[in-house]
Amino acid sequence: MQITGKKAIEVFVESVNFIVISYALSSMAMSFRTHWLYILFFASNVWLCGRYCEVVYRTVKNKWATGALFAACFAIFCALVYFVGYIDGEITPFSA
């Protein structure tokens with residue numbers, strides 16, 4: 001399996017995007033944990049996981065590498081949530 005510089009950058013950018021967007025969606029899901037909107041953010045996070053794996057697989061064309069990258073990014077995401085916590089704030093309308 002030969003990975004060029006362009007492919008490595010693409011996978012790196014996708015991985016950073018996955019971690020950041022997953023963290024934001026998880027924070028929103030936790031903020032709405034008692035509201036029906038929780039389902040929307042949780043489903044979006046599940047869709048994001050599938051999309052990330054699909055894009056990485058299309059780039060590297062290796063199931064094992066895709067799984068390893070997903071596991072590494074998920075571990076980084078878990079560490080981020082564990083050490084930083086999730087963003088919990090008050091909803092403020094734009095008119096305020």
# chains A, B, ... in the order shown; residues from 1 in each chain; ligands from 1

$ residues_around --residues "Tyr57 in chain A" --least-positions-apart "5" --cutoff "10 Å" --atoms "only C-alpha atoms" --output "list in words"
Val11, Arg51, Tyr52, Asn62, Lys63, Trp64, Ala65, Thr66, Gly67 and Leu69 of chain A

$ residues_around --residues "range 22-35 of chain A" --least-positions-apart "4" --cutoff "12 Å" --atoms "only C-alpha atoms" --output "JSON, numbers by chain"
{"A": [14, 15, 16, 17, 18, 39, 40, 41, 42, 43, 44, 45, 46, 47, 48, 49, 50, 51, 52, 73, 74, 75, 76, 77, 78, 79, 80, 81, 82, 84, 85, 86, 87, 88, 89, 90, 91]}

$ select_by_dssp --residues "chain A" --states "helix (DSSP H, G or I)" --output "count of residues only"
73

$ atom_distance --atom1 "CA of Cys53 in chain A" --atom2 "CA of Phe70 in chain A"
6.8 Å
